[in-house]
Amino acid sequence: MGISSNDPLLLRAARGEVVDRPPVWMMRQAGRYMKAYRDLREKYPCFRQRSEIPEVAIEVSLQPWRAFQPDGVILFSDIVTPLPGLGVDMDIAEGKGPIIYSPIRTEKQIENLRTLEPEESLPFIRTILQALRQEVGNKSTVLGFVGAPWTLAAYLVEGKGSKTYSVIKGMAFSEPAVLHKLLAKLAEAIATYIRYQIDSGAQVVQMFDSWAGQLSPQDYEVFALPYQKWVFDQVKATHPHTPLILLVSGSAGLLERMAKSGADVLTIDWTVDMADARVRLGKHVKVQGNLDPGVLFGSREFIRDRIFDTVRKAGNWGHILNLGHGVLPDTPEENVAFFFETAKGLKTAVA
Ligand code: CP3
């Protein structure tokens with residue numbers, strides 16, 4: 001695939017082409033640390049308005065694009081956004097995250113979940129993605145994203161975010177067949193949703209299995225990995241050229257297993273040294289990451305040094321520069337600007 005095309009940098013790097021510098025974007029690059037976002041939030045106080053009214057979601061997605069010209073522009077949305085399309089009533093509470101009004105605890109509730117019809121329940125996603133492609137052209141890559149089956153099941157079963165995951169683990173370890181039924185239904189909906197995002201203009205799609213790192217490796221192999229793989233296989237069968245990225249939070253003990261998911265790129269968090277990640281995964285696995293989001297509270301010298309260090313350790317192939325997780329709410333905007341300027345000024349030959 002060495003043909004140099006007009007495709008944007010991040011897309012080419014994610015496909016495995018050799019590029020001049022690592023593409024750079026940030027998870028949660030739109031959001032609370034930006035004054036423009038906080039101002040807009042006063043006008044649209046509900047998260048669902050900000051993410052489901054196309055003009056507002058387009059505006060929010062483009063705020064970091066206008067401010068920093070990242071190599072990736074991600075759809076402003078949430079992993080729970082498709083759930084109402086399955087017949088699940090939800091909201092996203094300020095400072096708390098998703099709330100599911102009737103948590104799923106019985107087989108009957110699972111049987112009653114509807115089949116996702118994105119054109120009917122998520123038409124705003126098509127409008128938003130098309131507008132983002134139109135706006136950034138070939139200057140940046142438009143990313144879509146979804147939650148993975150285990151992580152969405154965690155919200156559905158717990159009813160909200162959790163520190164212990166005791167309800168879903170209770171289900172997993174006492175009635176595994178019930179949970180597998182839910183995971184299989186979610187996997188089908190997520191595959192449908194990824195295809196819809198790609199058909200609407202997403203050039204790369206990231207799957208967040210944020211809470212899969214809460215599982216022991218042996219349980220990850222039963223409740224998370226097979227469903228990640230099933231989703232990726234389904235999407236690859238119809239859309240083989242769209243790179244797929246996987247993120248698991250707290251994944252240091254799972255890296256080798258994550259590589260079995262079939263993802264094209266694995267997100268590495270900052271609890272793993274990038275050089276170690278490269279050794280553990282082998283040189284054919286593409287990686288994304290992995291600065292500590294806390295680095296952006298540091299001095300300019302510190303931020304610059306960490307960027308250089310990460311890029312040097314990742315080597316000059318198959319690396320998307322990013323934080324190891326989302327940018328934190330109180331991060332100084334000027335440090336985000338400095339991060340992007342420095343990263344975009346790099347040439348592969350960092351001394
Ligand atoms: O601009 C982008 O990068 C897209 C932003 C994005 C949001 N949610 C917007 C959002 C992304 C990628 C997500 C995915 C998401 N949502 C994940 C996976 C990523 C991860 O963190 O591991 C998860 C677990 C969720 C569930 C969720 N939604 C949480 C935990 C929260 C945060 C609660 C809080 O207030 O800290 C939300 C709400 C949410 N989704 C916010 C944003 C910007 C914060 C609320 C707000 O700004 O109004």
# chains A, B, ... in the order shown; residues from 1 in each chain; ligands from 1

call {"tool": "closest_atom_pairs", "arguments": {"of": "range 82-191 of chain A", "to": "range 14-25 of chain A", "cutoff": "12 Å", "atoms": "only C-alpha atoms", "output": "tab-separated table"}}
result
residue	atom	partner	partner_atom	distance
A:Lys139	CA	A:Pro23	CA	11.5
A:Ser140	CA	A:Pro23	CA	9.5
A:Thr141	CA	A:Pro23	CA	9.7
A:Val142	CA	A:Trp25	CA	10.8
A:Leu143	CA	A:Trp25	CA	10.2

call {"tool": "write_last_selection", "arguments": {"atoms": "N, CA, C and O atoms", "output": "PDB file, in the first residue's frame"}}
result
ATOM      1  N   LYS A 139      -7.618  17.417   4.923  1.00  0.00           N
ATOM      2  CA  LYS A 139      -6.649  17.976   5.871  1.00  0.00           C
ATOM      3  C   LYS A 139      -6.599  17.217   7.182  1.00  0.00           C
ATOM      4  O   LYS A 139      -5.662  17.347   7.960  1.00  0.00           O
ATOM      5  N   SER A 140      -7.645  16.467   7.479  1.00  0.00           N
ATOM      6  CA  SER A 140      -7.657  15.701   8.716  1.00  0.00           C
ATOM      7  C   SER A 140      -8.503  14.452   8.475  1.00  0.00           C
ATOM      8  O   SER A 140      -9.189  14.337   7.459  1.00  0.00           O
ATOM      9  N   THR A 141      -8.426  13.535   9.433  1.00  0.00           N
ATOM     10  CA  THR A 141      -9.164  12.276   9.324  1.00  0.00           C
ATOM     11  C   THR A 141     -10.366  12.330  10.261  1.00  0.00           C
ATOM     12  O   THR A 141     -10.223  12.716  11.424  1.00  0.00           O
ATOM     13  N   VAL A 142     -11.530  11.938   9.768  1.00  0.00           N
ATOM     14  CA  VAL A 142     -12.724  11.930  10.615  1.00  0.00           C
ATOM     15  C   VAL A 142     -12.852  10.562  11.294  1.00  0.00           C
ATOM     16  O   VAL A 142     -12.870   9.521  10.635  1.00  0.00           O
ATOM     17  N   LEU A 143     -12.893  10.607  12.632  1.00  0.00           N
ATOM     18  CA  LEU A 143     -13.013   9.363  13.402  1.00  0.00           C
ATOM     19  C   LEU A 143     -14.421   9.198  13.955  1.00  0.00           C
ATOM     20  O   LEU A 143     -15.002  10.141  14.499  1.00  0.00           O
TER      21      LEU A 143
END

call {"tool": "residues_around", "arguments": {"residues": "range 100-106 of chain A", "least_positions_apart": "3", "cutoff": "12 Å", "atoms": "only C-alpha atoms", "output": "PyMOL selection string"}}
result
chain A and resi 80-81+83-84+87-93+97+109-113+152-161+167-172+175+177-179+181-183

call {"tool": "residues_near_ligand", "arguments": {"ligand": "ligand 1", "cutoff": "7 Å", "atoms": "only C-alpha atoms and all ligand atoms", "output": "ChimeraX atom specification"}}
result
/A:26-32,47,61,74-80,92,94-98,145,147,161,208,210,249,325-326

call {"tool": "write_last_selection", "arguments": {"atoms": "N, CA and C atoms", "output": "compact mmCIF listing (two decimals), in the first residue's frame"}}
result
# COMPACT_ATOMS: atom_id res chain seq x y z
N MET A 26 -6.25 13.92 20.17
CA MET A 26 -6.41 13.66 21.60
C MET A 26 -7.79 13.12 21.87
N MET A 27 -7.86 12.08 22.68
CA MET A 27 -9.17 11.62 23.10
C MET A 27 -9.81 12.71 23.96
N ARG A 28 -11.10 12.89 23.80
CA ARG A 28 -11.85 13.95 24.51
C ARG A 28 -11.33 15.34 24.16
N GLN A 29 -10.85 15.50 22.90
CA GLN A 29 -10.28 16.80 22.56
C GLN A 29 -11.36 17.89 22.52
N ALA A 30 -12.62 17.50 22.34
CA ALA A 30 -13.72 18.45 22.51
C ALA A 30 -14.23 18.26 23.93
N GLY A 31 -14.54 19.34 24.61
CA GLY A 31 -15.10 19.15 25.95
C GLY A 31 -14.73 20.24 26.93
N ARG A 32 -14.87 19.90 28.19
CA ARG A 32 -14.93 20.89 29.25
C ARG A 32 -13.71 21.78 29.42
N PHE A 47 -26.48 17.12 27.81
CA PHE A 47 -25.52 16.45 26.94
C PHE A 47 -26.19 15.91 25.68
N SER A 61 -17.70 19.31 17.74
CA SER A 61 -16.64 18.48 17.13
C SER A 61 -15.58 19.36 16.48
N ILE A 74 -12.80 13.88 15.89
CA ILE A 74 -13.70 12.82 16.33
C ILE A 74 -15.12 13.38 16.51
N LEU A 75 -16.04 12.55 16.11
CA LEU A 75 -17.46 12.83 16.28
C LEU A 75 -17.76 13.14 17.74
N PHE A 76 -18.45 14.21 18.04
CA PHE A 76 -18.85 14.48 19.42
C PHE A 76 -20.12 13.71 19.72
N SER A 77 -20.01 12.74 20.62
CA SER A 77 -21.13 11.84 20.90
C SER A 77 -20.80 11.11 22.19
N ASP A 78 -21.44 10.00 22.46
CA ASP A 78 -21.08 9.20 23.63
C ASP A 78 -21.29 7.73 23.28
N ILE A 79 -20.66 6.86 24.04
CA ILE A 79 -20.82 5.42 23.76
C ILE A 79 -22.25 4.94 24.02
N VAL A 80 -23.00 5.64 24.88
CA VAL A 80 -24.38 5.18 25.15
C VAL A 80 -25.41 5.77 24.18
N ILE A 92 -27.45 11.35 30.22
CA ILE A 92 -26.06 11.52 30.63
C ILE A 92 -26.01 12.68 31.60
N GLU A 94 -24.60 15.43 34.22
CA GLU A 94 -23.46 16.31 34.43
C GLU A 94 -22.54 15.77 35.54
N GLY A 95 -21.29 15.56 35.22
CA GLY A 95 -20.33 15.15 36.25
C GLY A 95 -20.44 13.69 36.67
N LYS A 96 -21.42 12.97 36.15
CA LYS A 96 -21.62 11.58 36.59
C LYS A 96 -21.48 10.58 35.46
N GLY A 97 -21.95 10.97 34.28
CA GLY A 97 -21.93 10.02 33.17
C GLY A 97 -23.28 9.38 32.95
N PRO A 98 -23.31 8.28 32.18
CA PRO A 98 -24.58 7.68 31.76
C PRO A 98 -25.43 7.15 32.92
N PHE A 145 -16.70 6.54 16.64
CA PHE A 145 -16.38 5.67 17.77
C PHE A 145 -17.63 5.00 18.31
N GLY A 147 -18.86 2.15 21.82
CA GLY A 147 -18.50 1.38 23.01
C GLY A 147 -18.48 -0.09 22.64
N GLY A 161 -22.28 4.30 36.01
CA GLY A 161 -20.87 3.98 36.20
C GLY A 161 -20.68 3.27 37.53
N PHE A 208 -14.23 1.68 22.22
CA PHE A 208 -13.85 1.87 23.62
C PHE A 208 -14.36 0.70 24.44
N SER A 210 -13.72 0.51 27.66
CA SER A 210 -13.11 1.20 28.80
C SER A 210 -13.04 0.36 30.05
N SER A 249 -9.11 0.63 29.09
CA SER A 249 -8.43 1.41 30.14
C SER A 249 -7.78 0.47 31.14
N HIS A 325 -5.30 8.36 27.58
CA HIS A 325 -6.74 8.40 27.81
C HIS A 325 -7.18 9.83 27.54
N GLY A 326 -8.43 10.18 27.90
CA GLY A 326 -8.94 11.50 27.54
C GLY A 326 -8.26 12.66 28.26

call {"tool": "closest_atom_pairs", "arguments": {"of": "range 255-345 of chain A", "to": "range 239-246 of chain A", "cutoff": "7 Å", "atoms": "only C-alpha atoms", "output": "CSV"}}
result
residue,atom,partner,partner_atom,distance
A:Ala263,CA,A:Leu244,CA,5.4
A:Asp264,CA,A:Leu244,CA,5.3
A:Val265,CA,A:Ile245,CA,4.6
A:Leu266,CA,A:Leu246,CA,5.2
A:Thr267,CA,A:Leu246,CA,6.0

call {"tool": "write_last_selection", "arguments": {"atoms": "all heavy atoms", "output": "compact mmCIF listing (two decimals), in the first residue's frame"}}
result
# COMPACT_ATOMS: atom_id res chain seq x y z
N ALA A 263 -8.07 -5.83 15.99
CA ALA A 263 -7.99 -4.37 15.80
C ALA A 263 -6.73 -4.05 14.99
O ALA A 263 -5.72 -4.75 15.10
CB ALA A 263 -7.92 -3.66 17.15
N ASP A 264 -6.79 -2.98 14.20
CA ASP A 264 -5.61 -2.57 13.42
C ASP A 264 -4.62 -1.81 14.30
O ASP A 264 -3.42 -1.85 14.05
CB ASP A 264 -6.04 -1.65 12.27
CG ASP A 264 -6.93 -2.37 11.29
OD1 ASP A 264 -6.38 -3.15 10.50
OD2 ASP A 264 -8.16 -2.20 11.36
N VAL A 265 -5.14 -1.08 15.28
CA VAL A 265 -4.30 -0.24 16.13
C VAL A 265 -4.73 -0.45 17.58
O VAL A 265 -5.93 -0.49 17.87
CB VAL A 265 -4.48 1.27 15.77
CG1 VAL A 265 -3.58 2.15 16.64
CG2 VAL A 265 -4.22 1.52 14.29
N LEU A 266 -3.77 -0.58 18.49
CA LEU A 266 -4.08 -0.72 19.91
C LEU A 266 -3.69 0.54 20.66
O LEU A 266 -2.57 1.04 20.50
CB LEU A 266 -3.32 -1.91 20.51
CG LEU A 266 -3.60 -3.29 19.92
CD1 LEU A 266 -2.78 -4.34 20.69
CD2 LEU A 266 -5.09 -3.64 19.98
N THR A 267 -4.60 1.04 21.49
CA THR A 267 -4.27 2.18 22.33
C THR A 267 -3.51 1.68 23.56
O THR A 267 -3.91 0.71 24.20
CB THR A 267 -5.56 2.91 22.75
OG1 THR A 267 -6.24 3.32 21.57
CG2 THR A 267 -5.24 4.15 23.60

call {"tool": "residues_around", "arguments": {"residues": "Met258 in chain A", "least_positions_apart": "4", "cutoff": "10 Å", "atoms": "only C-alpha atoms", "output": "VMD selection string"}}
result
chain A and resid 220 to 221 224 to 225 228 to 229 246 to 248 251 253 to 254 262 to 263 265 to 267 281

call {"tool": "write_last_selection", "arguments": {"atoms": "N, CA and C atoms", "output": "PDB file, in the first residue's frame"}}
result
ATOM      1  N   TYR A 220     -11.442 -11.643  30.922  1.00  0.00           N
ATOM      2  CA  TYR A 220     -11.373 -10.827  29.692  1.00  0.00           C
ATOM      3  C   TYR A 220     -11.490 -11.743  28.467  1.00  0.00           C
ATOM      4  N   GLU A 221     -10.858 -12.906  28.542  1.00  0.00           N
ATOM      5  CA  GLU A 221     -10.893 -13.840  27.410  1.00  0.00           C
ATOM      6  C   GLU A 221     -12.273 -14.456  27.187  1.00  0.00           C
ATOM      7  N   ALA A 224     -14.993 -10.282  27.201  1.00  0.00           N
ATOM      8  CA  ALA A 224     -14.683  -9.069  26.429  1.00  0.00           C
ATOM      9  C   ALA A 224     -14.076  -9.406  25.061  1.00  0.00           C
ATOM     10  N   LEU A 225     -12.938 -10.098  25.070  1.00  0.00           N
ATOM     11  CA  LEU A 225     -12.205 -10.361  23.823  1.00  0.00           C
ATOM     12  C   LEU A 225     -13.038 -11.007  22.703  1.00  0.00           C
ATOM     13  N   GLN A 228     -15.265  -8.334  21.175  1.00  0.00           N
ATOM     14  CA  GLN A 228     -14.486  -7.346  20.405  1.00  0.00           C
ATOM     15  C   GLN A 228     -14.159  -7.940  19.041  1.00  0.00           C
ATOM     16  N   LYS A 229     -13.679  -9.174  19.081  1.00  0.00           N
ATOM     17  CA  LYS A 229     -13.242  -9.841  17.847  1.00  0.00           C
ATOM     18  C   LYS A 229     -14.419 -10.067  16.897  1.00  0.00           C
ATOM     19  N   LEU A 246      -8.649  -0.109  19.021  1.00  0.00           N
ATOM     20  CA  LEU A 246      -9.225  -0.611  20.273  1.00  0.00           C
ATOM     21  C   LEU A 246      -8.602   0.102  21.465  1.00  0.00           C
ATOM     22  N   LEU A 247      -9.438   0.508  22.416  1.00  0.00           N
ATOM     23  CA  LEU A 247      -8.948   1.043  23.694  1.00  0.00           C
ATOM     24  C   LEU A 247      -9.543   0.239  24.841  1.00  0.00           C
ATOM     25  N   VAL A 248      -8.678  -0.147  25.765  1.00  0.00           N
ATOM     26  CA  VAL A 248      -9.111  -0.716  27.043  1.00  0.00           C
ATOM     27  C   VAL A 248      -8.390   0.112  28.099  1.00  0.00           C
ATOM     28  N   SER A 251      -4.938  -1.340  30.705  1.00  0.00           N
ATOM     29  CA  SER A 251      -4.768  -2.567  29.917  1.00  0.00           C
ATOM     30  C   SER A 251      -3.378  -3.184  30.010  1.00  0.00           C
ATOM     31  N   GLY A 253      -1.975  -5.312  31.773  1.00  0.00           N
ATOM     32  CA  GLY A 253      -1.913  -6.765  31.897  1.00  0.00           C
ATOM     33  C   GLY A 253      -2.591  -7.507  30.760  1.00  0.00           C
ATOM     34  N   LEU A 254      -3.096  -6.759  29.772  1.00  0.00           N
ATOM     35  CA  LEU A 254      -3.917  -7.387  28.715  1.00  0.00           C
ATOM     36  C   LEU A 254      -3.376  -7.199  27.304  1.00  0.00           C
ATOM     37  N   GLY A 262      -8.110  -8.475  16.605  1.00  0.00           N
ATOM     38  CA  GLY A 262      -8.235  -8.129  15.192  1.00  0.00           C
ATOM     39  C   GLY A 262      -8.259  -6.626  14.946  1.00  0.00           C
ATOM     40  N   ALA A 263      -8.067  -5.826  15.989  1.00  0.00           N
ATOM     41  CA  ALA A 263      -7.986  -4.373  15.800  1.00  0.00           C
ATOM     42  C   ALA A 263      -6.732  -4.049  14.986  1.00  0.00           C
ATOM     43  N   VAL A 265      -5.135  -1.082  15.276  1.00  0.00           N
ATOM     44  CA  VAL A 265      -4.299  -0.237  16.130  1.00  0.00           C
ATOM     45  C   VAL A 265      -4.732  -0.453  17.583  1.00  0.00           C
ATOM     46  N   LEU A 266      -3.766  -0.578  18.486  1.00  0.00           N
ATOM     47  CA  LEU A 266      -4.080  -0.724  19.908  1.00  0.00           C
ATOM     48  C   LEU A 266      -3.689   0.536  20.658  1.00  0.00           C
ATOM     49  N   THR A 267      -4.596   1.035  21.486  1.00  0.00           N
ATOM     50  CA  THR A 267      -4.268   2.181  22.330  1.00  0.00           C
ATOM     51  C   THR A 267      -3.515   1.683  23.560  1.00  0.00           C
ATOM     52  N   LEU A 281       4.413  -6.381  21.997  1.00  0.00           N
ATOM     53  CA  LEU A 281       3.462  -6.609  20.901  1.00  0.00           C
ATOM     54  C   LEU A 281       4.127  -7.032  19.596  1.00  0.00           C
TER      55      LEU A 281
END

call {"tool": "closest_residue", "arguments": {"among": "A:Gln288, A:Gln234, A:Gln63, A:Gln134", "to": "Gly315 in chain A", "atoms": "only C-alpha atoms"}}
result
A:Gln288

call {"tool": "closest_residue", "arguments": {"among": "A:Glu334, A:Val204, A:Glu256, A:Ala343", "to": "Lys35 in chain A", "atoms": "only C-alpha atoms"}}
result
A:Glu334
